[in-house]
Amino acid sequence: MKTLSLQVDISQGFYSRDGYRVESNDERWKLNKDIVIPISVLADFFSNDMYLSFCSVLAFYAKTGSASHALNIYSRSKHYLESSAGQPPFSVESLISYRSTLDAKTEWYLGGLRGFIKKWAELGYAGISDESLVLLSKWTLKGNEKGYAVQSMCPESGPLTDIEMEAVIAAVISAYSLNRLDITDVCYAMILAMTGRRRVQITALKHKDLVRQSHEGGDRYFINFPRAKQRSQSWRTAFNRFSIVEDLWFLLQQQKMEVRKAFSDQLGADVPFELISELPLFPDLKAMGSLADLKDQLNGDRLHATSVSVKTAMDRVEKTINVISERTGLPVHLNPARFRYTLGTNLAREGKGEFVIAEALDHSDIQNAGVYVRNIPEIVERIDKAVALQLAPIAQAFQGVLVASECDARRGSDPNSRISNGVVNLGTCGSYGFCGALSPIACYTCNHFQPWLDGPHEVVLDSLIRERDKVLDQTEDRKMASVNDRLILAVSDVVRRCNTMKGEAAHG
């Protein structure tokens, strides 16, 4: 049945589902804060009438569906038209020719295009022959290959190892304390690391989405994340609550204060009290109008940062912290998607099923969750002393400075600066500030730690490895047993440096 009543009159223009006005003569369709479709690029592939039909069908998707889905249809259409140039668009000949250019990994391109072509005919627009529809209905097409980066544990685009993740979080916090990263970049990084949410979900957050609940046992903290990739749902109409730790909560409160101040500075006046909760947590201040326009602007996404800003921020974070992977010896790449892969992979290793993983990643179904529970390889099943000493210089987990003796250390004259394992002293803390971290466990990965050359660091290393093996043997839980793996690498690096320094002194 042809649903003519659903046709979009492109000559009159239309509003995208996110409320952005598109005019008939626009060469670029801006559908929301993030997505712009350069529609005029495809005009030369069609006759005037067929181009009008194409635009009308795409406008139907832009008006009724998500902007990202409309962009995907445009991208698939563009690829098809460029690959079959010279043949009548959407003819039997062009479709057969296009399929011949695809392989097992790219055949899904045509699968996405098939739905668009069928909708075109269903809506009653001219341009699609019955022969093409019959051909498409007979074809069995492979779907998109899911989870390659996860399944392969790709060191560039796949899940982060526990050691990499710990190093990233520690380095981000350290860079923030040294004023090398601003609060916004830190919040982006920590939300990604701790929640695995999509970029569009993060940039859609408002102040009111941070929730604290008080209980007799203490406060609990949550983020109400707007859902993404939900069909037939507009921006910020469905939410999922995610529990967060207190440290992240306080970082986000700092971000809220910075945003409120930035709005007040930009407006030249305080933000009206009733609008404070509506402020974006991550704003685009360049889009701001006057105080009189603020309420209307806050109703849509215009004052929210683009999803690209998250990627840009993570590029800055990556360059600033320069964390080295123990797998490659190269800086860890911080593509935002890697944090989602890491969350799903860790849940799978803990024995969680597809439904739990899908819920944690905010999927609407389990079709994409299966990649996490199938054939997930372990990076290192058991770290022994030889492996630790070999990986140590690559991982660069030790951040401090080795000193020949206590008198060579910063604060070496202060007995209160000594770091002990409860039996003997191991080194000196060079920081004058208060530290609530547990020593010496936290010290080997701290940039203030100055281990002494003659300290019993190898005894510490042997103890950590024995404890790791004991936990693994008793629990068979690699996740629990590997909790100190980065610390083991840091201590191993100190042991290696001490041996090297002693060897050079013996031969000097």
# chains A, B, ... in the order shown; residues from 1 in each chain; ligands from 1
>>> residues_around(residues="A:Ile223", least_positions_apart="3", cutoff="7 Å", atoms="only C-alpha atoms", output="number ranges by chain")
A: 209-211, 241-243
>>> write_last_selection(atoms="N, CA and C atoms", output="short mmCIF file (atom, residue, chain, number, x, y, z; two decimals), in the first residue's frame")
data_model
loop_
_atom_site.label_atom_id
_atom_site.label_comp_id
_atom_site.auth_asym_id
_atom_site.auth_seq_id
_atom_site.Cartn_x
_atom_site.Cartn_y
_atom_site.Cartn_z
N ASP A 209 20.20 16.72 35.30
CA ASP A 209 20.40 15.28 35.12
C ASP A 209 21.34 14.67 36.15
N LEU A 210 21.98 15.51 36.96
CA LEU A 210 22.82 15.01 38.06
C LEU A 210 21.95 14.90 39.30
N VAL A 211 21.84 13.69 39.83
CA VAL A 211 20.89 13.41 40.91
C VAL A 211 21.62 12.83 42.11
N ARG A 241 19.03 5.85 34.12
CA ARG A 241 19.81 6.31 35.26
C ARG A 241 21.04 5.44 35.44
N PHE A 242 22.19 6.09 35.66
CA PHE A 242 23.46 5.37 35.81
C PHE A 242 24.10 5.81 37.13
N SER A 243 24.44 4.84 37.97
CA SER A 243 25.06 5.13 39.25
C SER A 243 26.53 5.50 39.06
#
>>> select_by_dssp(residues="stretch 117-316 of chain A", states="strand (DSSP E)", output="list in words")
Leu210, Val211, Arg212, Gln213, Ser214, His215, Gly218, Asp219, Arg220, Tyr221, Phe222, Ile223, Asn224, Phe225, Pro226, Phe239, Asn240, Arg241, Phe242, Ser243 and Ile244 of chain A
>>> write_last_selection(atoms="N, CA and C atoms", output="PDB file, in the first residue's frame")
ATOM      1  N   LEU A 210      21.980  15.509  36.960  1.00  0.00           N
ATOM      2  CA  LEU A 210      22.818  15.010  38.056  1.00  0.00           C
ATOM      3  C   LEU A 210      21.947  14.895  39.296  1.00  0.00           C
ATOM      4  N   VAL A 211      21.842  13.689  39.826  1.00  0.00           N
ATOM      5  CA  VAL A 211      20.891  13.408  40.906  1.00  0.00           C
ATOM      6  C   VAL A 211      21.616  12.828  42.110  1.00  0.00           C
ATOM      7  N   ARG A 212      21.304  13.366  43.291  1.00  0.00           N
ATOM      8  CA  ARG A 212      21.827  12.800  44.533  1.00  0.00           C
ATOM      9  C   ARG A 212      20.663  12.309  45.372  1.00  0.00           C
ATOM     10  N   GLN A 213      20.772  11.099  45.877  1.00  0.00           N
ATOM     11  CA  GLN A 213      19.745  10.526  46.744  1.00  0.00           C
ATOM     12  C   GLN A 213      20.345  10.228  48.104  1.00  0.00           C
ATOM     13  N   SER A 214      19.692  10.694  49.147  1.00  0.00           N
ATOM     14  CA  SER A 214      20.186  10.494  50.515  1.00  0.00           C
ATOM     15  C   SER A 214      19.513   9.279  51.141  1.00  0.00           C
ATOM     16  N   HIS A 215      20.325   8.466  51.789  1.00  0.00           N
ATOM     17  CA  HIS A 215      19.843   7.276  52.485  1.00  0.00           C
ATOM     18  C   HIS A 215      20.496   7.225  53.856  1.00  0.00           C
ATOM     19  N   GLY A 218      24.097   6.620  53.660  1.00  0.00           N
ATOM     20  CA  GLY A 218      24.915   7.606  52.969  1.00  0.00           C
ATOM     21  C   GLY A 218      24.294   8.000  51.638  1.00  0.00           C
ATOM     22  N   ASP A 219      24.858   8.988  51.013  1.00  0.00           N
ATOM     23  CA  ASP A 219      24.330   9.489  49.750  1.00  0.00           C
ATOM     24  C   ASP A 219      24.726   8.576  48.588  1.00  0.00           C
ATOM     25  N   ARG A 220      23.834   8.539  47.580  1.00  0.00           N
ATOM     26  CA  ARG A 220      24.130   7.860  46.328  1.00  0.00           C
ATOM     27  C   ARG A 220      24.012   8.871  45.203  1.00  0.00           C
ATOM     28  N   TYR A 221      24.798   8.653  44.144  1.00  0.00           N
ATOM     29  CA  TYR A 221      24.887   9.643  43.070  1.00  0.00           C
ATOM     30  C   TYR A 221      24.580   8.989  41.727  1.00  0.00           C
ATOM     31  N   PHE A 222      23.848   9.733  40.887  1.00  0.00           N
ATOM     32  CA  PHE A 222      23.414   9.192  39.598  1.00  0.00           C
ATOM     33  C   PHE A 222      23.506  10.262  38.506  1.00  0.00           C
ATOM     34  N   ILE A 223      23.592   9.776  37.279  1.00  0.00           N
ATOM     35  CA  ILE A 223      23.408  10.629  36.106  1.00  0.00           C
ATOM     36  C   ILE A 223      22.225  10.066  35.325  1.00  0.00           C
ATOM     37  N   ASN A 224      21.252  10.922  35.022  1.00  0.00           N
ATOM     38  CA  ASN A 224      20.145  10.538  34.151  1.00  0.00           C
ATOM     39  C   ASN A 224      20.562  10.809  32.708  1.00  0.00           C
ATOM     40  N   PHE A 225      21.026   9.778  32.046  1.00  0.00           N
ATOM     41  CA  PHE A 225      21.498   9.954  30.671  1.00  0.00           C
ATOM     42  C   PHE A 225      20.331   9.918  29.690  1.00  0.00           C
ATOM     43  N   PRO A 226      20.220  10.921  28.805  1.00  0.00           N
ATOM     44  CA  PRO A 226      19.242  10.815  27.721  1.00  0.00           C
ATOM     45  C   PRO A 226      19.600   9.626  26.844  1.00  0.00           C
ATOM     46  N   PHE A 239      15.145   8.384  29.226  1.00  0.00           N
ATOM     47  CA  PHE A 239      16.359   8.457  30.039  1.00  0.00           C
ATOM     48  C   PHE A 239      16.644   7.113  30.701  1.00  0.00           C
ATOM     49  N   ASN A 240      17.921   6.885  30.979  1.00  0.00           N
ATOM     50  CA  ASN A 240      18.360   5.764  31.798  1.00  0.00           C
ATOM     51  C   ASN A 240      19.264   6.281  32.903  1.00  0.00           C
ATOM     52  N   ARG A 241      19.027   5.851  34.116  1.00  0.00           N
ATOM     53  CA  ARG A 241      19.812   6.312  35.260  1.00  0.00           C
ATOM     54  C   ARG A 241      21.042   5.436  35.437  1.00  0.00           C
ATOM     55  N   PHE A 242      22.193   6.085  35.656  1.00  0.00           N
ATOM     56  CA  PHE A 242      23.457   5.373  35.813  1.00  0.00           C
ATOM     57  C   PHE A 242      24.097   5.811  37.126  1.00  0.00           C
ATOM     58  N   SER A 243      24.441   4.841  37.975  1.00  0.00           N
ATOM     59  CA  SER A 243      25.064   5.135  39.254  1.00  0.00           C
ATOM     60  C   SER A 243      26.531   5.504  39.064  1.00  0.00           C
ATOM     61  N   ILE A 244      26.989   6.551  39.757  1.00  0.00           N
ATOM     62  CA  ILE A 244      28.382   6.991  39.644  1.00  0.00           C
ATOM     63  C   ILE A 244      29.005   7.108  41.028  1.00  0.00           C
TER      64      ILE A 244
END
>>> residues_around(residues="A:Gly412", least_positions_apart="5", cutoff="10 Å", atoms="only C-alpha atoms", output="PyMOL selection string")
chain A and resi 405-407+417-418+427-430+450
>>> closest_residue(among="A:Ala170, A:Ile163, A:Val41, A:Val245", to="A:Ala392", atoms="only C-alpha atoms")
A:Ile163
>>> residues_around(residues="stretch 262-274 of chain A", least_positions_apart="5", cutoff="8 Å", atoms="only C-alpha atoms", output="ChimeraX atom specification")
/A:285,290-291
>>> write_last_selection(atoms="N, CA and C atoms", output="mmCIF file, in the first residue's frame")
data_model
loop_
_atom_site.group_PDB
_atom_site.id
_atom_site.type_symbol
_atom_site.label_atom_id
_atom_site.label_comp_id
_atom_site.auth_asym_id
_atom_site.auth_seq_id
_atom_site.Cartn_x
_atom_site.Cartn_y
_atom_site.Cartn_z
ATOM 1 N N LEU A 285 28.838 28.093 24.080
ATOM 2 C CA LEU A 285 28.508 29.477 24.411
ATOM 3 C C LEU A 285 28.466 30.368 23.175
ATOM 4 N N SER A 290 20.605 36.525 23.542
ATOM 5 C CA SER A 290 20.415 37.445 24.666
ATOM 6 C C SER A 290 19.719 36.739 25.821
ATOM 7 N N LEU A 291 19.652 37.410 26.940
ATOM 8 C CA LEU A 291 18.955 36.867 28.110
ATOM 9 C C LEU A 291 17.500 36.587 27.784
#
>>> residues_around(residues="A:Asn32", least_positions_apart="4", cutoff="9 Å", atoms="only C-alpha atoms", output="ChimeraX atom specification")
/A:16-20,36,67,301-302
>>> residues_around(residues="stretch 72-83 of chain A", least_positions_apart="3", cutoff="12 Å", atoms="only C-alpha atoms", output="MDAnalysis selection string")
chainID A and resid 28:29 35:46 54:55 57:62 65:69 86:91 94:102 106:117 119:120
